[in-house]
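Enquirer: Handing over query-v4.pdb, PDB, C-alpha atoms.
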MODEL        1
ATOM      1  CA  MET A   1     138.479  50.725  89.605
ATOM      2  CA  SER A   2     136.307  52.563  92.107
ATOM      3  CA  HIS A   3     134.624  55.827  91.157
ATOM      4  CA  TYR A   4     134.401  57.083  94.736
ATOM      5  CA  ASP A   5     136.665  59.701  96.244
ATOM      6  CA  HIS A   6     138.347  57.921  99.149
ATOM      7  CA  THR A   7     140.062  61.067 100.418
ATOM      8  CA  ARG A   8     136.819  62.412 101.923
ATOM      9  CA  ASP A   9     135.014  61.116 104.969
ATOM     10  CA  PRO A  10     131.969  58.847 104.572
ATOM     11  CA  CYS A  11     128.700  60.565 103.724
ATOM     12  CA  PRO A  12     127.164  61.019 107.197
ATOM     13  CA  TRP A  13     130.277  62.878 108.330
ATOM     14  CA  VAL A  14     130.478  64.886 105.113
ATOM     15  CA  ILE A  15     126.901  66.065 105.627
ATOM     16  CA  LEU A  16     127.623  67.255 109.168
ATOM     17  CA  ASN A  17     130.887  68.851 108.088
ATOM     18  CA  ASP A  18     129.247  70.704 105.190
ATOM     19  CA  PHE A  19     126.362  71.822 107.392
ATOM     20  CA  GLY A  20     128.780  73.262 109.962
ATOM     21  CA  GLY A  21     130.970  74.890 107.332
ATOM     22  CA  ALA A  22     127.998  76.497 105.611
ATOM     23  CA  PHE A  23     126.631  77.734 108.944
ATOM     24  CA  ALA A  24     129.989  79.282 109.841
ATOM     25  CA  MET A  25     130.295  80.901 106.421
ATOM     26  CA  GLY A  26     126.780  82.324 106.669
ATOM     27  CA  ALA A  27     127.296  83.548 110.229
ATOM     28  CA  ILE A  28     130.535  85.332 109.323
ATOM     29  CA  GLY A  29     129.047  86.813 106.173
ATOM     30  CA  GLY A  30     125.887  87.792 108.055
ATOM     31  CA  THR A  31     127.990  89.462 110.738
ATOM     32  CA  LEU A  32     129.792  91.567 108.151
ATOM     33  CA  TRP A  33     126.659  92.364 106.157
ATOM     34  CA  HIS A  34     124.371  93.224 109.050
ATOM     35  CA  GLY A  35     127.136  94.992 110.963
ATOM     36  CA  ILE A  36     127.638  97.423 108.095
ATOM     37  CA  LYS A  37     123.908  97.666 107.449
ATOM     38  CA  GLY A  38     123.175  98.349 111.125
ATOM     39  CA  ALA A  39     125.825 101.070 111.262
ATOM     40  CA  ARG A  40     124.580 102.754 108.080
ATOM     41  CA  ASN A  41     120.927 102.780 109.143
ATOM     42  CA  SER A  42     121.430 104.416 112.532
ATOM     43  CA  PRO A  43     122.057 107.923 113.872
ATOM     44  CA  ARG A  44     125.661 109.092 114.229
ATOM     45  CA  GLY A  45     126.086 108.578 117.960
ATOM     46  CA  ASP A  46     124.484 105.113 118.075
ATOM     47  CA  ARG A  47     126.284 103.396 115.166
ATOM     48  CA  ALA A  48     128.322 100.934 117.214
ATOM     49  CA  ILE A  49     125.389  99.909 119.406
ATOM     50  CA  SER A  50     123.019  99.628 116.436
ATOM     51  CA  SER A  51     125.586  97.613 114.516
ATOM     52  CA  ILE A  52     125.969  95.126 117.379
ATOM     53  CA  ALA A  53     122.195  94.910 117.810
ATOM     54  CA  ALA A  54     121.728  94.164 114.109
ATOM     55  CA  ILE A  55     124.462  91.519 114.232
ATOM     56  CA  LYS A  56     122.918  89.814 117.264
ATOM     57  CA  ALA A  57     119.472  89.826 115.664
ATOM     58  CA  ARG A  58     120.222  88.755 112.087
ATOM     59  CA  ALA A  59     123.633  87.033 111.745
ATOM     60  CA  PRO A  60     122.484  83.754 113.366
ATOM     61  CA  VAL A  61     119.485  83.679 111.016
ATOM     62  CA  VAL A  62     121.703  84.080 107.952
ATOM     63  CA  GLY A  63     124.032  81.394 109.322
ATOM     64  CA  GLY A  64     121.103  79.049 109.861
ATOM     65  CA  ASN A  65     119.813  79.624 106.340
ATOM     66  CA  PHE A  66     123.232  78.912 104.869
ATOM     67  CA  GLY A  67     123.557  75.845 107.094
ATOM     68  CA  VAL A  68     120.217  74.415 105.962
ATOM     69  CA  TRP A  69     121.145  74.961 102.322
ATOM     70  CA  GLY A  70     124.580  73.371 102.792
ATOM     71  CA  GLY A  71     123.277  70.404 104.763
ATOM     72  CA  MET A  72     120.463  69.731 102.327
ATOM     73  CA  PHE A  73     122.773  70.051  99.328
ATOM     74  CA  SER A  74     125.289  67.665 100.886
ATOM     75  CA  SER A  75     122.528  65.178 101.746
ATOM     76  CA  PHE A  76     121.276  65.163  98.167
ATOM     77  CA  ASP A  77     124.841  64.936  96.876
ATOM     78  CA  CYS A  78     125.525  61.832  98.958
ATOM     79  CA  ALA A  79     122.215  60.269  97.920
ATOM     80  CA  ILE A  80     122.843  60.931  94.231
ATOM     81  CA  LYS A  81     126.398  59.562  94.487
ATOM     82  CA  GLY A  82     124.969  56.405  96.007
ATOM     83  CA  ILE A  83     122.272  56.049  93.352
ATOM     84  CA  ARG A  84     124.468  56.814  90.332
ATOM     85  CA  GLY A  85     127.550  55.070  91.670
ATOM     86  CA  LYS A  86     129.986  57.667  90.369
ATOM     87  CA  GLU A  87     131.304  61.107  91.183
ATOM     88  CA  ASP A  88     131.136  63.771  88.501
ATOM     89  CA  PRO A  89     129.843  67.356  88.048
ATOM     90  CA  TRP A  90     126.335  66.119  87.289
ATOM     91  CA  ASN A  91     125.929  65.066  90.923
ATOM     92  CA  ALA A  92     126.372  68.653  92.109
ATOM     93  CA  ILE A  93     124.023  70.002  89.435
ATOM     94  CA  LEU A  94     121.311  67.488  90.326
ATOM     95  CA  SER A  95     121.864  68.126  94.037
ATOM     96  CA  GLY A  96     121.460  71.854  93.479
ATOM     97  CA  PHE A  97     118.269  71.234  91.530
ATOM     98  CA  CYS A  98     116.835  69.046  94.314
ATOM     99  CA  THR A  99     117.926  71.463  97.043
ATOM    100  CA  GLY A 100     116.349  74.436  95.291
ATOM    101  CA  GLY A 101     113.154  72.499  94.776
ATOM    102  CA  CYS A 102     112.931  71.456  98.421
ATOM    103  CA  LEU A 103     113.642  74.966  99.675
ATOM    104  CA  GLY A 104     110.982  76.435  97.369
ATOM    105  CA  ILE A 105     108.287  73.863  98.175
ATOM    106  CA  ARG A 106     106.412  76.203 100.543
ATOM    107  CA  GLY A 107     105.758  78.622  97.671
ATOM    108  CA  GLY A 108     103.866  76.059  95.625
ATOM    109  CA  PRO A 109     104.706  74.063  92.505
ATOM    110  CA  ARG A 110     105.579  77.058  90.350
ATOM    111  CA  ALA A 111     107.957  78.555  92.919
ATOM    112  CA  MET A 112     109.409  75.129  93.588
ATOM    113  CA  LEU A 113     110.192  74.547  89.906
ATOM    114  CA  GLY A 114     111.630  78.038  89.490
ATOM    115  CA  SER A 115     113.844  77.649  92.539
ATOM    116  CA  ALA A 116     114.962  74.193  91.446
ATOM    117  CA  ILE A 117     115.897  75.397  87.963
ATOM    118  CA  SER A 118     117.686  78.458  89.345
ATOM    119  CA  CYS A 119     119.760  76.415  91.796
ATOM    120  CA  GLY A 120     120.521  73.802  89.147
ATOM    121  CA  ILE A 121     121.728  76.475  86.730
ATOM    122  CA  LEU A 122     123.765  78.169  89.450
ATOM    123  CA  LEU A 123     125.489  74.901  90.363
ATOM    124  CA  GLY A 124     125.977  74.151  86.673
ATOM    125  CA  VAL A 125     127.818  77.453  86.278
ATOM    126  CA  PHE A 126     129.926  76.725  89.374
ATOM    127  CA  GLU A 127     130.822  73.258  88.113
ATOM    128  CA  GLY A 128     131.538  74.550  84.609
ATOM    129  CA  VAL A 129     133.902  77.196  85.941
ATOM    130  CA  GLY A 130     135.569  74.563  88.130
ATOM    131  CA  VAL A 131     136.092  72.183  85.198
ATOM    132  CA  LEU A 132     137.385  75.036  83.020
ATOM    133  CA  ALA A 133     139.804  76.205  85.719
ATOM    134  CA  SER A 134     141.109  72.683  86.289
ATOM    135  CA  ARG A 135     141.703  72.234  82.557
ATOM    136  CA  LEU A 136     143.540  75.536  82.333
ATOM    137  CA  MET A 137     145.705  74.648  85.323
ATOM    138  CA  ALA A 138     146.398  71.184  83.895
ATOM    139  CA  GLU A 139     147.717  72.762  80.680
ATOM    140  CA  SER A 140     150.377  74.693  82.552
ATOM    141  CA  THR A 141     151.599  71.640  84.453
ATOM    142  CA  ARG A 142     151.679  69.224  81.535
ATOM    143  CA  PRO A 143     155.153  67.663  81.197
ATOM    144  CA  GLN A 144     157.059  68.876  78.167
ATOM    145  CA  LEU A 145     159.984  67.256  76.416
ATOM    146  CA  PRO A 146     163.277  69.088  76.860
ATOM    147  CA  VAL A 147     164.901  70.563  73.761
ATOM    148  CA  TYR A 148     168.410  69.226  73.168
ATOM    149  CA  SER A 149     170.799  70.482  70.562
ATOM    150  CA  ASP A 150     172.327  67.786  68.389
ATOM    151  CA  PRO A 151     176.133  67.862  68.752
ATOM    152  CA  ALA A 152     176.609  66.098  65.402
ATOM    153  CA  ALA A 153     174.681  68.738  63.471
ATOM    154  CA  PRO A 154     176.791  71.211  61.514
ATOM    155  CA  SER A 155     177.115  74.654  63.019
ATOM    156  CA  THR A 156     175.437  77.492  61.163
ATOM    157  CA  ALA A 157     177.743  80.112  62.648
ATOM    158  CA  GLN A 158     180.055  81.905  60.171
ATOM    159  CA  PRO A 159     183.741  82.081  61.042
ATOM    160  CA  ALA A 160     184.856  85.604  61.876
TER     161      ALA A 160
ENDMDL
END
What does the file become when written as structure tokens?
Expert:
Amino acid sequence: MSHYDHTRDPCPWVILNDFGGAFAMGAIGGTLWHGIKGARNSPRGDRAISSIAAIKARAPVVGGNFGVWGGMFSSFDCAIKGIRGKEDPWNAILSGFCTGGCLGIRGGPRAMLGSAISCGILLGVFEGVGVLASRLMAESTRPQLPVYSDPAAPSTAQPA
């Protein structure tokens, strides 16, 4: 039996899809964040203009940062799936560790290790919550035997 998830696209397409999805998520979140921030940090009459200026300046940067993280994570995830030959939560944890390490490499070995451990722990928490939620949902959908009353059993009701 194969350990691969055949419902998803092959890895090169998954990487591009995850990169685009992460970019879109970061751009939308950056638009909301910097729109509110730009409006709050401006004089009363210029709030709309300042908000739009902040969005134009910073939202694409946030989207790009999210996109790089998502694309790198997906690349490591595909590589680790190929190396290990199976799909389980450890792939995401290891991918998060590798992604954090690569993103922190410019800060030196200490920053790289700290970033790698932080991302690995963060993905471990995400995967743990996902496994816990799936187990809780599986409990509620487990098939149960119906309860039948036995017609041959004597009735316990008292005659009135």
Enquirer: Kindly give the distance, in Å, that separates atom CA of A:Gly64 and atom CA of A:Ala79, rounded to a single decimal.
Expert: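 It comes out at 22.3 Å.
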Enquirer: Considering only C-alpha atoms, state which residue in the set A:Trp33, A:Phe23, A:Phe76, A:Trp90 is at the smallest distance from A:Ser51.
Expert: A:Trp33
Enquirer: I'd like to see the residues matched by the PyMOL selection byres ((chain A and resi 117) around 12) on this file, and ideally I'd get them as a VMD selection string.
Expert: chain A and resid 93 to 104 110 to 116 118 to 124
Enquirer: Can you measure atom CA of A:Asn41 to atom CA of A:Ala57 for me? One decimal in Å is fine.
Expert: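 About the pair atom CA of A:Asn41 and atom CA of A:Ala57: they are 14.6 Å apart.
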Enquirer: Near stretch 68-70 of chain A, counting only C-alpha atoms, which residues have an atom at most 6 Å away, once you skip same-chain residues fewer than 3 positions from it, shown as a list in words?
Expert: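 The residues that qualify are Asp18, Phe19, Ala22, Asn65 and Phe73 of chain A.
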Enquirer: For this structure, which residues satisfy the selection - the PyMOL selection byres ((chain A and resi 38) around 10) - when it is evaluated on the file as given? I want them as a PyMOL selection string.
Expert: chain A and resi 32-37+39-42+46-55
Enquirer: Here is a test: counting all atoms listed in the file, which residue of A:Ala138, A:Ala92, A:Ala27, A:Ile83 is nearest to A:Val62?
Expert: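 Using all atoms listed in the file, A:Val62 sits closest to A:Ala27.
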Enquirer: Can you tell me how far atom CA of A:Gly30 sits from atom CA of A:Ala59, in Å to one decimal?
Expert: 4.4 Å
Enquirer: Going by the chain IDs and residue numbers used in this file, which residues fall under the PyMOL selection byres ((chain A and resi 10-14) around 12)? Write them as number ranges by chain.
Expert: A: 4-9, 15-22, 70-82
Enquirer: Let me make sure I understand: among A:Gly130, A:Pro60, A:Pro146, A:Pro43, which one has the smallest atom-to-atom distance to A:Thr31 if we use all atoms listed in the file?
Expert: A:Pro60
